[in-house]
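S.K.: As input, take run-v5.pdb (PDB, C-alpha atoms and all ligand atoms):
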ATOM      1  CA  MET U  21       3.250 -13.384 -33.204  1.00  0.00           C
ATOM      2  CA  THR U  22       0.793 -16.201 -32.559  1.00  0.00           C
ATOM      3  CA  SER U  23      -1.963 -16.328 -29.972  1.00  0.00           C
ATOM      4  CA  PHE U  24      -1.373 -16.871 -26.261  1.00  0.00           C
ATOM      5  CA  PRO U  25      -2.786 -20.434 -26.285  1.00  0.00           C
ATOM      6  CA  ALA U  26      -0.630 -21.394 -29.294  1.00  0.00           C
ATOM      7  CA  ALA U  27       2.497 -19.970 -27.649  1.00  0.00           C
ATOM      8  CA  ALA U  28       1.661 -21.738 -24.362  1.00  0.00           C
ATOM      9  CA  ARG U  29       1.343 -25.030 -26.239  1.00  0.00           C
ATOM     10  CA  ARG U  30       4.829 -24.499 -27.665  1.00  0.00           C
ATOM     11  CA  VAL U  31       6.238 -23.845 -24.184  1.00  0.00           C
ATOM     12  CA  ARG U  32       4.996 -27.319 -23.185  1.00  0.00           C
ATOM     13  CA  ASP U  33       6.140 -29.049 -26.377  1.00  0.00           C
ATOM     14  CA  ASP U  34       8.954 -31.456 -25.445  1.00  0.00           C
ATOM     15  CA  ALA U  35       9.822 -31.874 -29.116  1.00  0.00           C
ATOM     16  CA  LEU U  36      11.052 -28.271 -29.342  1.00  0.00           C
ATOM     17  CA  THR U  37      14.473 -27.081 -28.248  1.00  0.00           C
ATOM     18  CA  PRO U  38      14.694 -25.492 -24.778  1.00  0.00           C
ATOM     19  CA  ARG U  39      15.533 -22.161 -26.428  1.00  0.00           C
ATOM     20  CA  ALA U  40      12.440 -22.316 -28.668  1.00  0.00           C
ATOM     21  CA  ARG U  41      10.320 -23.115 -25.610  1.00  0.00           C
ATOM     22  CA  LEU U  42      11.808 -20.157 -23.734  1.00  0.00           C
ATOM     23  CA  LEU U  43      11.034 -17.841 -26.655  1.00  0.00           C
ATOM     24  CA  ALA U  44       7.478 -19.189 -26.719  1.00  0.00           C
ATOM     25  CA  LEU U  45       7.196 -18.301 -23.022  1.00  0.00           C
ATOM     26  CA  ARG U  46       8.444 -14.824 -23.865  1.00  0.00           C
ATOM     27  CA  GLU U  47       5.656 -14.592 -26.427  1.00  0.00           C
ATOM     28  CA  CYS U  48       3.109 -15.576 -23.764  1.00  0.00           C
ATOM     29  CA  ALA U  49       4.405 -12.772 -21.546  1.00  0.00           C
ATOM     30  CA  LEU U  50       4.180 -10.308 -24.428  1.00  0.00           C
ATOM     31  CA  HIS U  51       0.490 -11.229 -24.729  1.00  0.00           C
ATOM     32  CA  PHE U  52      -0.279 -11.096 -21.020  1.00  0.00           C
ATOM     33  CA  ALA U  53       1.927  -9.080 -18.689  1.00  0.00           C
ATOM     34  CA  PRO U  54       0.139  -7.811 -15.565  1.00  0.00           C
ATOM     35  CA  TYR U  55       3.209  -5.802 -14.450  1.00  0.00           C
ATOM     36  CA  GLY U  56       4.426  -4.833 -17.907  1.00  0.00           C
ATOM     37  CA  PHE U  57       6.681  -7.172 -19.867  1.00  0.00           C
ATOM     38  CA  ARG U  58       9.978  -6.801 -18.008  1.00  0.00           C
ATOM     39  CA  ALA U  59       8.594  -6.968 -14.466  1.00  0.00           C
ATOM     40  CA  THR U  60       6.331  -9.880 -15.419  1.00  0.00           C
ATOM     41  CA  TRP U  61       9.268 -11.708 -16.999  1.00  0.00           C
ATOM     42  CA  HIS U  62      11.401 -11.109 -13.913  1.00  0.00           C
ATOM     43  CA  HIS U  63       8.563 -12.473 -11.773  1.00  0.00           C
ATOM     44  CA  LEU U  64       8.270 -15.637 -13.883  1.00  0.00           C
ATOM     45  CA  VAL U  65      12.024 -16.291 -13.854  1.00  0.00           C
ATOM     46  CA  VAL U  66      12.139 -15.956 -10.069  1.00  0.00           C
ATOM     47  CA  ASN U  67       8.869 -17.671  -9.159  1.00  0.00           C
ATOM     48  CA  ALA U  68       9.182 -20.606 -11.559  1.00  0.00           C
ATOM     49  CA  ARG U  69      12.925 -20.840 -10.773  1.00  0.00           C
ATOM     50  CA  ILE U  70      13.964 -20.911 -14.427  1.00  0.00           C
ATOM     51  CA  PRO U  71      17.645 -21.904 -14.361  1.00  0.00           C
ATOM     52  CA  GLN U  72      20.505 -20.452 -16.371  1.00  0.00           C
ATOM     53  CA  GLN U  73      20.886 -23.793 -18.110  1.00  0.00           C
ATOM     54  CA  LEU U  74      17.333 -24.536 -19.201  1.00  0.00           C
ATOM     55  CA  GLU U  75      18.156 -28.247 -19.532  1.00  0.00           C
ATOM     56  CA  ASP U  76      18.682 -28.385 -15.764  1.00  0.00           C
ATOM     57  CA  ASP U  77      14.954 -27.905 -15.179  1.00  0.00           C
ATOM     58  CA  LEU U  78      12.790 -27.851 -18.283  1.00  0.00           C
ATOM     59  CA  ASP U  79       9.707 -28.163 -16.121  1.00  0.00           C
ATOM     60  CA  SER U  80      10.326 -24.604 -14.920  1.00  0.00           C
ATOM     61  CA  LEU U  81       9.141 -23.360 -18.329  1.00  0.00           C
ATOM     62  CA  ARG U  82       5.922 -25.300 -17.882  1.00  0.00           C
ATOM     63  CA  ARG U  83       5.484 -23.896 -14.363  1.00  0.00           C
ATOM     64  CA  ALA U  84       5.885 -20.352 -15.678  1.00  0.00           C
ATOM     65  CA  ALA U  85       3.374 -20.921 -18.491  1.00  0.00           C
ATOM     66  CA  ASP U  86       0.929 -22.474 -16.014  1.00  0.00           C
ATOM     67  CA  GLU U  87       1.152 -19.473 -13.701  1.00  0.00           C
ATOM     68  CA  LEU U  88       0.625 -17.002 -16.510  1.00  0.00           C
ATOM     69  CA  GLU U  89      -2.231 -18.993 -18.029  1.00  0.00           C
ATOM     70  CA  GLU U  90      -4.014 -19.371 -14.695  1.00  0.00           C
ATOM     71  CA  ALA U  91      -3.952 -15.608 -14.061  1.00  0.00           C
ATOM     72  CA  ARG U  92      -4.950 -14.798 -17.640  1.00  0.00           C
ATOM     73  CA  ALA U  93      -7.982 -17.109 -17.413  1.00  0.00           C
ATOM     74  CA  VAL U  94      -9.277 -15.324 -14.299  1.00  0.00           C
ATOM     75  CA  TRP U  95      -8.721 -11.924 -15.871  1.00  0.00           C
ATOM     76  CA  ARG U  96     -10.409 -12.886 -19.144  1.00  0.00           C
ATOM     77  CA  GLU U  97     -13.386 -14.315 -17.319  1.00  0.00           C
ATOM     78  CA  ARG U  98     -13.758 -11.034 -15.484  1.00  0.00           C
ATOM     79  CA  ALA U  99     -13.354  -8.955 -18.660  1.00  0.00           C
ATOM     80  CA  ALA U 100     -15.991 -11.095 -20.394  1.00  0.00           C
ATOM     81  CA  ALA U 101     -18.407 -10.639 -17.480  1.00  0.00           C
ATOM     82  CA  LEU U 102     -17.900  -6.869 -17.618  1.00  0.00           C
ATOM     83  CA  GLN U 103     -18.441  -6.834 -21.362  1.00  0.00           C
ATOM     84  CA  GLU U 104     -21.633  -8.788 -20.975  1.00  0.00           C
ATOM     85  CA  ARG U 105     -22.890  -6.371 -18.324  1.00  0.00           C
ATOM     86  CA  ARG U 106     -22.016  -3.420 -20.554  1.00  0.00           C
ATOM     87  CA  ARG U 107     -23.931  -5.032 -23.406  1.00  0.00           C
ATOM     88  CA  ARG U 108     -26.996  -5.355 -21.182  1.00  0.00           C
ATOM     89  CA  GLU U 109     -26.622  -1.779 -19.911  1.00  0.00           C
ATOM     90  CA  LYS U 110     -26.364  -0.434 -23.436  1.00  0.00           C
ATOM     91  CA  ALA U 111     -29.449  -2.390 -24.455  1.00  0.00           C
ATOM     92  CA  ALA U 112     -31.218  -0.795 -21.495  1.00  0.00           C
ATOM     93  CA  GLY U 113     -30.167   2.681 -22.712  1.00  0.00           C
ATOM     94  CA  ARG U 114     -27.147   3.357 -20.524  1.00  0.00           C
ATOM     95  CA  ARG U 115     -24.666   4.504 -23.167  1.00  0.00           C
ATOM     96  CA  VAL U 116     -21.875   5.787 -20.925  1.00  0.00           C
ATOM     97  CA  PRO U 117     -19.966   3.146 -18.968  1.00  0.00           C
ATOM     98  CA  ARG U 118     -19.585   3.559 -15.224  1.00  0.00           C
ATOM     99  CA  ARG U 119     -16.421   5.426 -14.382  1.00  0.00           C
ATOM    100  CA  ALA U 120     -14.995   2.542 -12.381  1.00  0.00           C
ATOM    101  CA  ASP U 121     -15.517   0.170 -15.312  1.00  0.00           C
ATOM    102  CA  ARG U 122     -13.736   2.503 -17.709  1.00  0.00           C
ATOM    103  CA  ALA U 123     -10.740   2.467 -15.365  1.00  0.00           C
ATOM    104  CA  PHE U 124     -10.862  -1.323 -15.242  1.00  0.00           C
ATOM    105  CA  GLY U 125     -10.574  -1.881 -18.985  1.00  0.00           C
ATOM    106  CA  ASP U 126      -9.816  -5.070 -20.912  1.00  0.00           C
ATOM    107  CA  ALA U 127      -6.196  -5.445 -19.872  1.00  0.00           C
ATOM    108  CA  ILE U 128      -4.594  -5.505 -16.471  1.00  0.00           C
ATOM    109  CA  HIS U 129      -1.928  -2.836 -16.069  1.00  0.00           C
ATOM    110  CA  LEU U 130      -0.053  -2.671 -12.805  1.00  0.00           C
ATOM    111  CA  TYR U 131       2.902  -0.486 -13.556  1.00  0.00           C
ATOM    112  CA  CYS U 132       6.107  -1.360 -11.693  1.00  0.00           C
ATOM    113  CA  PRO U 133       8.664   1.369 -12.510  1.00  0.00           C
ATOM    114  CA  ASP U 134      11.504  -0.875 -11.317  1.00  0.00           C
ATOM    115  CA  PHE U 135      11.121  -4.205 -13.089  1.00  0.00           C
ATOM    116  CA  GLU U 136      12.737  -6.028 -10.160  1.00  0.00           C
ATOM    117  CA  GLN U 137      10.222  -4.613  -7.668  1.00  0.00           C
ATOM    118  CA  HIS U 138       6.839  -6.242  -8.192  1.00  0.00           C
ATOM    119  CA  PRO U 139       4.412  -8.337  -6.127  1.00  0.00           C
ATOM    120  CA  THR U 140       5.856 -11.746  -5.275  1.00  0.00           C
ATOM    121  CA  ASP U 141       2.586 -13.633  -4.775  1.00  0.00           C
ATOM    122  CA  ARG U 142       1.365 -15.944  -7.477  1.00  0.00           C
ATOM    123  CA  LEU U 143      -0.034 -13.903 -10.373  1.00  0.00           C
ATOM    124  CA  VAL U 144      -3.556 -15.245 -10.017  1.00  0.00           C
ATOM    125  CA  THR U 145      -3.610 -14.111  -6.366  1.00  0.00           C
ATOM    126  CA  VAL U 146      -2.731 -10.573  -7.398  1.00  0.00           C
ATOM    127  CA  VAL U 147      -5.241 -10.582 -10.254  1.00  0.00           C
ATOM    128  CA  ARG U 148      -7.978 -11.685  -7.834  1.00  0.00           C
ATOM    129  CA  ARG U 149      -6.962  -8.898  -5.427  1.00  0.00           C
ATOM    130  CA  VAL U 150      -7.190  -6.288  -8.190  1.00  0.00           C
ATOM    131  CA  ILE U 151     -10.651  -7.539  -9.137  1.00  0.00           C
ATOM    132  CA  ALA U 152     -11.750  -7.471  -5.480  1.00  0.00           C
ATOM    133  CA  ALA U 153     -10.402  -3.923  -5.123  1.00  0.00           C
ATOM    134  CA  HIS U 154     -12.407  -2.908  -8.170  1.00  0.00           C
ATOM    135  CA  ASP U 155     -15.554  -4.525  -6.799  1.00  0.00           C
ATOM    136  CA  SER U 156     -15.185  -2.816  -3.438  1.00  0.00           C
ATOM    137  CA  ARG U 157     -14.606   0.541  -5.172  1.00  0.00           C
ATOM    138  CA  ALA U 158     -11.454   0.964  -3.069  1.00  0.00           C
ATOM    139  CA  ASP U 159      -9.461   4.110  -3.777  1.00  0.00           C
ATOM    140  CA  PRO U 160      -6.169   2.969  -5.395  1.00  0.00           C
ATOM    141  CA  ILE U 161      -4.362   5.971  -3.906  1.00  0.00           C
ATOM    142  CA  VAL U 162      -5.368   4.929  -0.397  1.00  0.00           C
ATOM    143  CA  THR U 163      -5.040   1.162  -0.629  1.00  0.00           C
ATOM    144  CA  CYS U 164      -2.684  -0.646  -2.994  1.00  0.00           C
ATOM    145  CA  VAL U 165      -4.852  -2.684  -5.387  1.00  0.00           C
ATOM    146  CA  ALA U 166      -2.120  -5.289  -5.800  1.00  0.00           C
ATOM    147  CA  CYS U 167      -1.243  -6.056  -2.172  1.00  0.00           C
ATOM    148  CA  GLY U 168      -3.671  -4.152   0.077  1.00  0.00           C
ATOM    149  CA  TRP U 169      -0.977  -1.950   1.645  1.00  0.00           C
ATOM    150  CA  ALA U 170      -2.243   1.304   3.225  1.00  0.00           C
ATOM    151  CA  LEU U 171      -0.639   3.941   0.997  1.00  0.00           C
ATOM    152  CA  LYS U 172      -1.784   7.040   2.860  1.00  0.00           C
ATOM    153  CA  GLY U 173      -2.246   8.872  -0.406  1.00  0.00           C
ATOM    154  CA  GLU U 174       1.395   8.620  -1.414  1.00  0.00           C
ATOM    155  CA  SER U 175       2.125   9.108  -5.063  1.00  0.00           C
ATOM    156  CA  ARG U 176       5.235   6.938  -5.026  1.00  0.00           C
ATOM    157  CA  CYS U 177       5.411   3.210  -5.631  1.00  0.00           C
ATOM    158  CA  CYS U 178       3.818   0.956  -3.052  1.00  0.00           C
ATOM    159  CA  PRO U 179       6.603   0.319  -0.523  1.00  0.00           C
ATOM    160  CA  ASP U 180       5.407  -3.245  -0.106  1.00  0.00           C
ATOM    161  CA  CYS U 181       5.072  -4.483  -3.690  1.00  0.00           C
ATOM    162  CA  GLY U 182       6.502  -1.850  -6.055  1.00  0.00           C
ATOM    163  CA  VAL U 183       3.293  -1.078  -7.973  1.00  0.00           C
ATOM    164  CA  LEU U 184       2.699   2.576  -8.770  1.00  0.00           C
ATOM    165  CA  PRO U 185      -0.762   3.463  -7.370  1.00  0.00           C
ATOM    166  CA  GLN U 186      -2.067   5.589 -10.198  1.00  0.00           C
ATOM    167  CA  GLY U 187      -0.525   3.464 -12.956  1.00  0.00           C
ATOM    168  CA  GLY U 188       0.582   5.127 -16.139  1.00  0.00           C
ATOM    169  CA  LYS U 189       4.087   5.362 -17.480  1.00  0.00           C
ATOM    170  CA  ARG U 190       4.931   9.024 -17.789  1.00  0.00           C
ATOM    171  CA  GLY U 191       7.252  10.901 -15.529  1.00  0.00           C
ATOM    172  CA  HIS U 192       7.256   8.424 -12.659  1.00  0.00           C
ATOM    173  CA  ARG U 193      10.492   6.546 -13.256  1.00  0.00           C
ATOM    174  CA  PRO U 194      13.021   7.799 -10.710  1.00  0.00           C
ATOM    175  CA  PRO U 195      16.234   8.780 -12.516  1.00  0.00           C
ATOM    176  CA  TRP U 196      18.344   6.339 -10.496  1.00  0.00           C
ATOM    177  CA  LEU U 197      16.349   3.472 -11.972  1.00  0.00           C
ATOM    178  CA  ALA U 198      17.829   4.196 -15.371  1.00  0.00           C
ATOM    179  CA  ILE U 199      21.293   3.491 -13.983  1.00  0.00           C
ATOM    180  CA  GLY U 200      22.374  -0.019 -14.785  1.00  0.00           C
ATOM    181  CA  VAL U 201      18.948  -0.989 -16.070  1.00  0.00           C
ATOM    182  CA  ALA U 202      20.373  -2.501 -19.268  1.00  0.00           C
ATOM    183  CA  GLU U 203      22.819  -4.617 -17.274  1.00  0.00           C
ATOM    184  CA  ARG U 204      20.143  -5.677 -14.799  1.00  0.00           C
ATOM    185  CA  TRP U 205      17.836  -6.642 -17.618  1.00  0.00           C
ATOM    186  CA  THR U 206      20.573  -8.651 -19.361  1.00  0.00           C
ATOM    187  CA  LYS U 207      21.167 -10.540 -16.112  1.00  0.00           C
ATOM    188  CA  THR U 208      17.456 -11.238 -15.812  1.00  0.00           C
ATOM    189  CA  TRP U 209      17.214 -12.461 -19.393  1.00  0.00           C
ATOM    190  CA  ARG U 210      20.165 -14.814 -18.747  1.00  0.00           C
ATOM    191  CA  ARG U 211      18.518 -15.958 -15.528  1.00  0.00           C
ATOM    192  CA  GLU U 212      21.473 -14.775 -13.488  1.00  0.00           C
ATOM    193  CA  THR U 213      19.090 -12.955 -11.218  1.00  0.00           C
ATOM    194  CA  SER U 214      18.785 -13.834  -7.556  1.00  0.00           C
ATOM    195  CA  ARG U 215      15.804 -12.939  -5.400  1.00  0.00           C
TER     196      ARG U 215
HETATM  197 ZN    ZN W 301       1.338  -2.890  -3.022  1.00  0.00          ZN
END
Represent the structure contained in this file as structure tokens.

M.R.:
Amino acid sequence: MTSFPAAARRVRDDALTPRARLLALRECALHFAPYGFRATWHHLVVNARIPQQLEDDLDSLRRAADELEEARAVWRERAAALQERRRREKAAGRRVPRRADRAFGDAIHLYCPDFEQHPTDRLVTVVRRVIAAHDSRADPIVTCVACGWALKGESRCCPDCGVLPQGGKRGHRPPWLAIGVAERWTKTWRRETSR
């Protein structure tokens, strides 16, 4: 697998076949997937309106890459700023990172147990909201970091955007979600999805 920027360049390369450009977009989403790969891919297909026949709208691939790249840039800038602050704190003798910063981490992980239920806003908008939630020290169990919904301490997915408040991947997938998931994913991959 190549780097995100190299894969994004291939998405925009008119000399490549539509299929090769689609696979390059897939590679971009494997590098940067705020909602996990499947939910992020579903979001891109819907938001960029990638058609079943790629030739019908090749620009949709470019739109999807643009959206992903824009969000990734904001996230990376934030991660770099945090790293720089940590470097300064360490130099000043503070060895243990603040708890909130440990939770923040290098990568953005908003787990959406159902890959078809995820925030619908542009990715960069959601990334900015997550950063703002971190800055305000908001409790993710009380207020959804992705959409701002008042969760009232529920442990289920945010009813507004589908993100699971406490993140993680273990034991939170409702059994009914496993039903038909392969078929739903195949439809998404073929861009037969409607939403
Ligand atoms: Zn939400």

S.K.: If the limit is 9 Å from any atom of ligand ZN 301 (chain W), counting only C-alpha atoms and all ligand atoms, which residues qualify? Return them as a ChimeraX atom specification.

M.R.: /U:138-139,163-171,177-185

S.K.: I need the residue nearest Thr140 in chain U from this list: U:Ala28, U:Asp79, U:Asn67, U:Trp205. Use all atoms listed in the file for the distance.

M.R.: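 Of U:Ala28, U:Asp79, U:Asn67, U:Trp205, the one nearest Thr140 in chain U is U:Asn67, counting all atoms listed in the file.
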
S.K.: Quick one: residues within 8 Å of range 83-95 of chain U, all atoms listed in the file, excluding same-chain residues fewer than 4 positions away - as a list in words?

M.R.: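 Here the qualifying residues turn out to be Ala28, Val31, Leu45, Cys48, Ala49, Phe52, Leu64, Val65, Asn67, Ala68, Asp79, Ala99, Ile128, Arg142, Leu143, Val144, Thr145, Val147 and Arg148 of chain U.
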
S.K.: Export, as a PDB file, in the coordinates of the input, the selected residues with C-alpha atoms.

M.R.:
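Below is the file again_15.pdb, written as the result:
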ATOM      1  CA  ALA U  28       1.661 -21.738 -24.362  1.00  0.00           C
ATOM      2  CA  VAL U  31       6.238 -23.845 -24.184  1.00  0.00           C
ATOM      3  CA  LEU U  45       7.196 -18.301 -23.022  1.00  0.00           C
ATOM      4  CA  CYS U  48       3.109 -15.576 -23.764  1.00  0.00           C
ATOM      5  CA  ALA U  49       4.405 -12.772 -21.546  1.00  0.00           C
ATOM      6  CA  PHE U  52      -0.279 -11.096 -21.020  1.00  0.00           C
ATOM      7  CA  LEU U  64       8.270 -15.637 -13.883  1.00  0.00           C
ATOM      8  CA  VAL U  65      12.024 -16.291 -13.854  1.00  0.00           C
ATOM      9  CA  ASN U  67       8.869 -17.671  -9.159  1.00  0.00           C
ATOM     10  CA  ALA U  68       9.182 -20.606 -11.559  1.00  0.00           C
ATOM     11  CA  ASP U  79       9.707 -28.163 -16.121  1.00  0.00           C
ATOM     12  CA  ALA U  99     -13.354  -8.955 -18.660  1.00  0.00           C
ATOM     13  CA  ILE U 128      -4.594  -5.505 -16.471  1.00  0.00           C
ATOM     14  CA  ARG U 142       1.365 -15.944  -7.477  1.00  0.00           C
ATOM     15  CA  LEU U 143      -0.034 -13.903 -10.373  1.00  0.00           C
ATOM     16  CA  VAL U 144      -3.556 -15.245 -10.017  1.00  0.00           C
ATOM     17  CA  THR U 145      -3.610 -14.111  -6.366  1.00  0.00           C
ATOM     18  CA  VAL U 147      -5.241 -10.582 -10.254  1.00  0.00           C
ATOM     19  CA  ARG U 148      -7.978 -11.685  -7.834  1.00  0.00           C
TER      20      ARG U 148
END

S.K.: Quick one: everything within 9 Å of range 57-62 of chain U, counting only C-alpha atoms, minus sequence neighbours fewer than 4 positions away in the same chain. Send it as a list in words.

M.R.: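 After dropping sequence-adjacent residues, the list is Arg46, Ala49, Leu50, His51, Phe52, Ala53, Val66, Asn67, Tyr131, Cys132, Pro133, Asp134, Phe135, Glu136, Gln137, His138, Trp205, Thr208, Trp209, Arg211 and Thr213 of chain U.
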
S.K.: Go ahead and save the picked residues with C-alpha atoms, as an mmCIF file, keeping the file's coordinate frame.

M.R.:
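Generated file (part32.cif):
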data_model
loop_
_atom_site.group_PDB
_atom_site.id
_atom_site.type_symbol
_atom_site.label_atom_id
_atom_site.label_comp_id
_atom_site.auth_asym_id
_atom_site.auth_seq_id
_atom_site.Cartn_x
_atom_site.Cartn_y
_atom_site.Cartn_z
ATOM 1 C CA ARG U 46 8.444 -14.824 -23.865
ATOM 2 C CA ALA U 49 4.405 -12.772 -21.546
ATOM 3 C CA LEU U 50 4.180 -10.308 -24.428
ATOM 4 C CA HIS U 51 0.490 -11.229 -24.729
ATOM 5 C CA PHE U 52 -0.279 -11.096 -21.020
ATOM 6 C CA ALA U 53 1.927 -9.080 -18.689
ATOM 7 C CA VAL U 66 12.139 -15.956 -10.069
ATOM 8 C CA ASN U 67 8.869 -17.671 -9.159
ATOM 9 C CA TYR U 131 2.902 -0.486 -13.556
ATOM 10 C CA CYS U 132 6.107 -1.360 -11.693
ATOM 11 C CA PRO U 133 8.664 1.369 -12.510
ATOM 12 C CA ASP U 134 11.504 -0.875 -11.317
ATOM 13 C CA PHE U 135 11.121 -4.205 -13.089
ATOM 14 C CA GLU U 136 12.737 -6.028 -10.160
ATOM 15 C CA GLN U 137 10.222 -4.613 -7.668
ATOM 16 C CA HIS U 138 6.839 -6.242 -8.192
ATOM 17 C CA TRP U 205 17.836 -6.642 -17.618
ATOM 18 C CA THR U 208 17.456 -11.238 -15.812
ATOM 19 C CA TRP U 209 17.214 -12.461 -19.393
ATOM 20 C CA ARG U 211 18.518 -15.958 -15.528
ATOM 21 C CA THR U 213 19.090 -12.955 -11.218
#

S.K.: Grab all the atoms of range 84-92 of chain U that the file lists, wrap them in a box along x, y and z, add 5 Å per side, and give me centre plus edge lengths in Å (one decimal) as JSON.

M.R.:
{"center_x": 0.5, "center_y": -18.6, "center_z": -16.1, "size_x": 20.8, "size_y": 17.7, "size_z": 14.8}

S.K.: Calculate how many Å separate CA of Ala101 in chain U from CA of His63 in chain U, rounding to one decimal.

M.R.: 27.6 Å

S.K.: Between CA of Leu43 in chain U and CA of Gly187 in chain U, what is the distance, to one decimal in Å?

M.R.: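 Rounded to one decimal, the two atoms are 27.8 Å apart.
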
S.K.: Interatomic distance between CA of Leu42 in chain U and CA of Tyr55 in chain U?

M.R.: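 Distance between the two atoms: 19.1 Å.
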